[in-house]
file data_39.pdb (PDB, C-alpha atoms, pLDDT in the B column)
ATOM      1  CA  SER Z   1      12.043  13.926 -23.577  1.00 85.00           C
ATOM      2  CA  VAL Z   2      10.863  14.250 -19.991  1.00 95.00           C
ATOM      3  CA  PRO Z   3       7.284  15.457 -19.527  1.00 96.00           C
ATOM      4  CA  ALA Z   4       6.460  17.940 -16.774  1.00 96.00           C
ATOM      5  CA  ALA Z   5       5.003  16.496 -13.565  1.00 97.00           C
ATOM      6  CA  GLY Z   6       1.696  18.212 -14.380  1.00 97.00           C
ATOM      7  CA  ALA Z   7       1.148  15.743 -17.232  1.00 97.00           C
ATOM      8  CA  PHE Z   8       0.560  13.013 -14.629  1.00 98.00           C
ATOM      9  CA  THR Z   9      -2.063  12.420 -11.955  1.00 98.00           C
ATOM     10  CA  VAL Z  10      -1.486   9.621  -9.475  1.00 98.00           C
ATOM     11  CA  LYS Z  11      -4.364   8.594  -7.222  1.00 97.00           C
ATOM     12  CA  VAL Z  12      -4.159   6.421  -4.116  1.00 97.00           C
ATOM     13  CA  ASP Z  13      -7.478   4.904  -3.076  1.00 96.00           C
ATOM     14  CA  GLY Z  14      -9.210   7.502  -5.273  1.00 97.00           C
ATOM     15  CA  SER Z  15      -7.434  10.606  -3.926  1.00 97.00           C
ATOM     16  CA  ALA Z  16      -4.809  12.492  -5.940  1.00 97.00           C
ATOM     17  CA  VAL Z  17      -1.349  12.493  -4.380  1.00 97.00           C
ATOM     18  CA  ALA Z  18       1.517  14.901  -4.976  1.00 97.00           C
ATOM     19  CA  LEU Z  19       4.610  14.058  -6.923  1.00 97.00           C
ATOM     20  CA  ALA Z  20       7.967  14.810  -5.306  1.00 95.00           C
ATOM     21  CA  SER Z  21       9.161  18.401  -5.573  1.00 94.00           C
ATOM     22  CA  SER Z  22      12.611  17.372  -6.802  1.00 93.00           C
ATOM     23  CA  ASN Z  23      12.971  15.319 -10.014  1.00 94.00           C
ATOM     24  CA  PRO Z  24       9.445  13.868  -9.942  1.00 96.00           C
ATOM     25  CA  VAL Z  25       9.616  12.426 -13.483  1.00 96.00           C
ATOM     26  CA  SER Z  26      12.434  10.505 -15.122  1.00 95.00           C
ATOM     27  CA  VAL Z  27      12.530   8.624 -18.412  1.00 94.00           C
ATOM     28  CA  GLY Z  28      14.632   5.527 -18.941  1.00 90.00           C
ATOM     29  CA  GLU Z  29      15.082   3.193 -21.876  1.00 88.00           C
ATOM     30  CA  THR Z  30      11.576   1.674 -21.680  1.00 91.00           C
ATOM     31  CA  ALA Z  31      10.066   3.176 -18.531  1.00 94.00           C
ATOM     32  CA  VAL Z  32       8.867   6.452 -17.046  1.00 96.00           C
ATOM     33  CA  THR Z  33       9.403   6.718 -13.301  1.00 96.00           C
ATOM     34  CA  LEU Z  34       7.241   8.977 -11.148  1.00 97.00           C
ATOM     35  CA  LYS Z  35       8.575   9.849  -7.701  1.00 96.00           C
ATOM     36  CA  LEU Z  36       5.808  10.500  -5.158  1.00 97.00           C
ATOM     37  CA  ALA Z  37       6.024  13.002  -2.297  1.00 95.00           C
ATOM     38  CA  GLN Z  38       4.896  10.315   0.166  1.00 94.00           C
ATOM     39  CA  ALA Z  39       5.116   6.536   0.231  1.00 91.00           C
ATOM     40  CA  VAL Z  40       2.105   4.426  -0.729  1.00 92.00           C
ATOM     41  CA  ALA Z  41       0.911   1.886   1.820  1.00 89.00           C
ATOM     42  CA  ALA Z  42       0.890  -1.799   1.011  1.00 84.00           C
ATOM     43  CA  GLY Z  43      -2.478  -2.870  -0.330  1.00 84.00           C
ATOM     44  CA  ALA Z  44      -3.554   0.621  -1.451  1.00 91.00           C
ATOM     45  CA  ARG Z  45      -5.222   0.922  -4.881  1.00 95.00           C
ATOM     46  CA  VAL Z  46      -3.120   3.146  -7.160  1.00 96.00           C
ATOM     47  CA  THR Z  47      -4.046   4.574 -10.561  1.00 97.00           C
ATOM     48  CA  VAL Z  48      -2.261   6.908 -12.967  1.00 97.00           C
ATOM     49  CA  ASP Z  49      -3.445   9.344 -15.630  1.00 98.00           C
ATOM     50  CA  TYR Z  50      -1.178  10.836 -18.296  1.00 98.00           C
ATOM     51  CA  THR Z  51      -2.242  13.734 -20.474  1.00 98.00           C
ATOM     52  CA  VAL Z  52      -0.053  14.147 -23.549  1.00 97.00           C
ATOM     53  CA  PRO Z  53       1.554  17.590 -23.204  1.00 97.00           C
ATOM     54  CA  THR Z  54       2.352  19.806 -26.188  1.00 95.00           C
ATOM     55  CA  VAL Z  55       5.931  20.179 -24.932  1.00 96.00           C
ATOM     56  CA  ASN Z  56       8.115  17.163 -24.056  1.00 95.00           C
ATOM     57  CA  PRO Z  57       5.646  14.293 -24.378  1.00 97.00           C
ATOM     58  CA  ILE Z  58       6.741  10.706 -23.743  1.00 96.00           C
ATOM     59  CA  ARG Z  59       8.098   9.553 -27.088  1.00 95.00           C
ATOM     60  CA  ASP Z  60      10.141   6.780 -28.627  1.00 94.00           C
ATOM     61  CA  LEU Z  61      13.417   7.083 -30.545  1.00 93.00           C
ATOM     62  CA  ALA Z  62      11.443   7.560 -33.809  1.00 95.00           C
ATOM     63  CA  ASP Z  63       9.712  10.629 -32.258  1.00 94.00           C
ATOM     64  CA  ASN Z  64       6.307   8.923 -31.890  1.00 95.00           C
ATOM     65  CA  ALA Z  65       4.408  10.304 -28.887  1.00 95.00           C
ATOM     66  CA  ALA Z  66       2.927   7.819 -26.420  1.00 96.00           C
ATOM     67  CA  ALA Z  67      -0.859   7.796 -25.980  1.00 96.00           C
ATOM     68  CA  ALA Z  68      -2.658   9.315 -23.005  1.00 97.00           C
ATOM     69  CA  LEU Z  69      -3.546   7.125 -20.024  1.00 97.00           C
ATOM     70  CA  SER Z  70      -6.692   7.372 -17.941  1.00 97.00           C
ATOM     71  CA  GLY Z  71      -7.259   5.564 -14.665  1.00 96.00           C
ATOM     72  CA  ARG Z  72      -4.650   2.914 -15.409  1.00 96.00           C
ATOM     73  CA  LEU Z  73      -4.249   0.541 -12.475  1.00 95.00           C
ATOM     74  CA  VAL Z  74      -0.712   0.485 -11.059  1.00 95.00           C
ATOM     75  CA  GLY Z  75       0.643  -2.703  -9.502  1.00 91.00           C
ATOM     76  CA  ASN Z  76       1.362  -1.937  -5.849  1.00 88.00           C
ATOM     77  CA  ALA Z  77       4.672  -3.596  -5.017  1.00 83.00           C
ATOM     78  CA  THR Z  78       5.000  -1.869  -1.643  1.00 83.00           C
ATOM     79  CA  SER Z  79       5.949  -4.566   0.803  1.00 76.00           C
ATOM     80  CA  GLY Z  80       4.065  -4.869   3.997  1.00 73.00           C
ATOM     81  CA  ASP Z  81       1.895  -7.169   5.956  1.00 72.00           C
ATOM     82  CA  THR Z  82      -1.763  -6.581   5.130  1.00 69.00           C
ATOM     83  CA  ARG Z  83      -3.120  -9.794   6.674  1.00 76.00           C
ATOM     84  CA  ALA Z  84      -4.471  -9.868  10.220  1.00 84.00           C
ATOM     85  CA  PRO Z  85      -2.845 -12.305  12.661  1.00 86.00           C
ATOM     86  CA  GLU Z  86      -4.730 -15.581  12.897  1.00 87.00           C
ATOM     87  CA  PHE Z  87      -5.469 -17.246  16.228  1.00 90.00           C
ATOM     88  CA  LEU Z  88      -3.861 -20.695  16.530  1.00 89.00           C
ATOM     89  CA  SER Z  89      -4.382 -21.907  20.094  1.00 87.00           C
ATOM     90  CA  ALA Z  90      -4.711 -21.053  23.780  1.00 89.00           C
ATOM     91  CA  THR Z  91      -3.242 -22.659  26.898  1.00 89.00           C
ATOM     92  CA  VAL Z  92      -3.679 -22.059  30.630  1.00 89.00           C
ATOM     93  CA  SER Z  93      -1.176 -22.625  33.401  1.00 90.00           C
ATOM     94  CA  GLY Z  94      -2.315 -21.599  36.866  1.00 88.00           C
ATOM     95  CA  THR Z  95      -3.404 -17.971  36.562  1.00 87.00           C
ATOM     96  CA  THR Z  96      -1.922 -17.359  33.089  1.00 87.00           C
ATOM     97  CA  VAL Z  97      -3.750 -17.800  29.780  1.00 87.00           C
ATOM     98  CA  VAL Z  98      -1.576 -17.660  26.654  1.00 88.00           C
ATOM     99  CA  LEU Z  99      -3.122 -16.976  23.247  1.00 89.00           C
ATOM    100  CA  THR Z 100      -0.896 -18.002  20.315  1.00 88.00           C
ATOM    101  CA  TYR Z 101      -1.091 -16.419  16.846  1.00 90.00           C
ATOM    102  CA  ASP Z 102       0.493 -17.325  13.520  1.00 84.00           C
ATOM    103  CA  GLU Z 103       2.802 -14.290  13.282  1.00 80.00           C
ATOM    104  CA  ALA Z 104       4.774 -11.831  15.413  1.00 80.00           C
ATOM    105  CA  LEU Z 105       2.583  -9.389  17.330  1.00 84.00           C
ATOM    106  CA  ASP Z 106       3.145  -5.710  18.159  1.00 80.00           C
ATOM    107  CA  PRO Z 107       3.851  -5.528  21.920  1.00 81.00           C
ATOM    108  CA  ALA Z 108       2.640  -1.897  21.952  1.00 81.00           C
ATOM    109  CA  SER Z 109      -0.872  -2.920  20.883  1.00 81.00           C
ATOM    110  CA  THR Z 110      -2.068  -4.572  24.103  1.00 79.00           C
ATOM    111  CA  PRO Z 111      -5.887  -4.654  24.083  1.00 79.00           C
ATOM    112  CA  PRO Z 112      -7.712  -3.476  27.219  1.00 81.00           C
ATOM    113  CA  THR Z 113      -8.694  -6.156  29.756  1.00 78.00           C
ATOM    114  CA  ALA Z 114     -12.375  -5.564  28.930  1.00 77.00           C
ATOM    115  CA  SER Z 115     -11.687  -7.026  25.460  1.00 76.00           C
ATOM    116  CA  TYR Z 116     -11.436 -10.520  26.965  1.00 74.00           C
ATOM    117  CA  GLN Z 117     -13.952 -12.758  28.659  1.00 75.00           C
ATOM    118  CA  ASN Z 118     -12.886 -15.775  30.679  1.00 72.00           C
ATOM    119  CA  THR Z 119     -15.078 -18.823  30.970  1.00 72.00           C
ATOM    120  CA  TYR Z 120     -14.440 -21.652  33.445  1.00 69.00           C
ATOM    121  CA  ASP Z 121     -16.615 -24.749  33.257  1.00 70.00           C
ATOM    122  CA  ASP Z 122     -19.140 -22.770  31.142  1.00 65.00           C
ATOM    123  CA  VAL Z 123     -19.435 -20.049  33.837  1.00 60.00           C
ATOM    124  CA  ASN Z 124     -18.285 -16.443  33.163  1.00 56.00           C
TER     125      ASN Z 124
END
call {"tool": "encode", "arguments": {"input": "data_39.pdb", "output": "structure tokens"}}
result
Amino acid sequence: SVPAAGAFTVKVDGSAVALASSNPVSVGETAVTLKLAQAVAAGARVTVDYTVPTVNPIRDLADNAAAALSGRLVGNATSGDTRAPEFLSATVSGTTVVLTYDEALDPASTPPTASYQNTYDDVN
């Protein structure tokens, strides 16, 4: 049987999130799948609660109802880079200084000039 969406509470970083409006709960051979209304970010802490409903609880083929869940940690398999780029080196050629990092950088995230300080022979 497929429990109603209201039997579940999913929290992302401590805040409840909505389940999808269309087919939010499905039951497979050994798994219950909850479809969220919005994607979860990589690295976010996700928990799930399940309250056993009186109608259509999760149950096995022998009609045994599954137990309630409270604050169960969900493994977050959302892919995404959650590590900051790491500085590797810097070079200067004439009037150009090049800072090199260990991963691709977002060209739209250019820091303001005031974020940098140049030092030449220990003089700013």
call {"tool": "residues_around", "arguments": {"input": "data_39.pdb", "residues": "Gly28 (chain Z)", "least_positions_apart": "5", "cutoff": "10 Å", "atoms": "all atoms listed in the file", "output": "mmCIF file with C-alpha atoms, in the coordinates of the input"}}
result
data_model
loop_
_atom_site.group_PDB
_atom_site.id
_atom_site.type_symbol
_atom_site.label_atom_id
_atom_site.label_comp_id
_atom_site.auth_asym_id
_atom_site.auth_seq_id
_atom_site.Cartn_x
_atom_site.Cartn_y
_atom_site.Cartn_z
ATOM 1 C CA SER Z 1 12.043 13.926 -23.577
ATOM 2 C CA VAL Z 2 10.863 14.250 -19.991
ATOM 3 C CA THR Z 33 9.403 6.718 -13.301
#
call {"tool": "atom_distance", "arguments": {"input": "data_39.pdb", "atom1": "CA of Ala42 (chain Z)", "atom2": "CA of Arg83 (chain Z)"}}
result
10.6 Å
call {"tool": "atom_distance", "arguments": {"input": "data_39.pdb", "atom1": "CA of Val52 (chain Z)", "atom2": "CA of Ala5 (chain Z)"}}
result
11.4 Å
call {"tool": "residues_around", "arguments": {"input": "data_39.pdb", "residues": "Ser70 (chain Z)", "least_positions_apart": "3", "cutoff": "9 Å", "atoms": "only C-alpha atoms", "output": "JSON, numbers by chain"}}
result
{"Z": [47, 48, 49, 50, 51]}
call {"tool": "atom_distance", "arguments": {"input": "data_39.pdb", "atom1": "CA of Leu19 (chain Z)", "atom2": "CA of Asp81 (chain Z)"}}
result
25.0 Å
call {"tool": "closest_residue", "arguments": {"input": "data_39.pdb", "among": "Z:Val40, Z:Ser93, Z:Lys35, Z:Pro57", "to": "Gly80 (chain Z)", "atoms": "only C-alpha atoms"}}
result
Z:Val40
call {"tool": "closest_residue", "arguments": {"input": "data_39.pdb", "among": "Z:Ala68, Z:Ser21, Z:Ala31, Z:Leu61", "to": "Phe8 (chain Z)", "atoms": "only C-alpha atoms"}}
result
Z:Ala68
call {"tool": "closest_atom_pairs", "arguments": {"input": "data_39.pdb", "of": "region 38-90 of chain Z", "to": "region 102-119 of chain Z", "cutoff": "8 Å", "atoms": "all atoms listed in the file", "output": "Markdown table"}}
result
| residue | atom | partner | partner_atom | distance |
| --- | --- | --- | --- | --- |
| Z:Pro85 | CA | Z:Glu103 | CA | 6.0 |
| Z:Glu86 | CA | Z:Asp102 | CA | 5.5 |
| Z:Phe87 | CA | Z:Asp102 | CA | 6.5 |
| Z:Leu88 | CA | Z:Asp102 | CA | 6.3 |
call {"tool": "resolve_selection", "arguments": {"input": "data_39.pdb", "expression": "the PyMOL selection byres ((chain Z and resi 17) around 10)", "output": "VMD selection string"}}
result
chain Z and resid 9 to 16 18 to 20 36 to 40 46
call {"tool": "axis_aligned_box", "arguments": {"input": "data_39.pdb", "around": "region 20-29 of chain Z", "padding_each_side": "8 Å", "output": "lines of an AutoDock Vina configuration file"}}
result
center_x = 11.5
center_y = 10.8
center_z = -13.6
size_x = 23.1
size_y = 31.2
size_z = 32.6
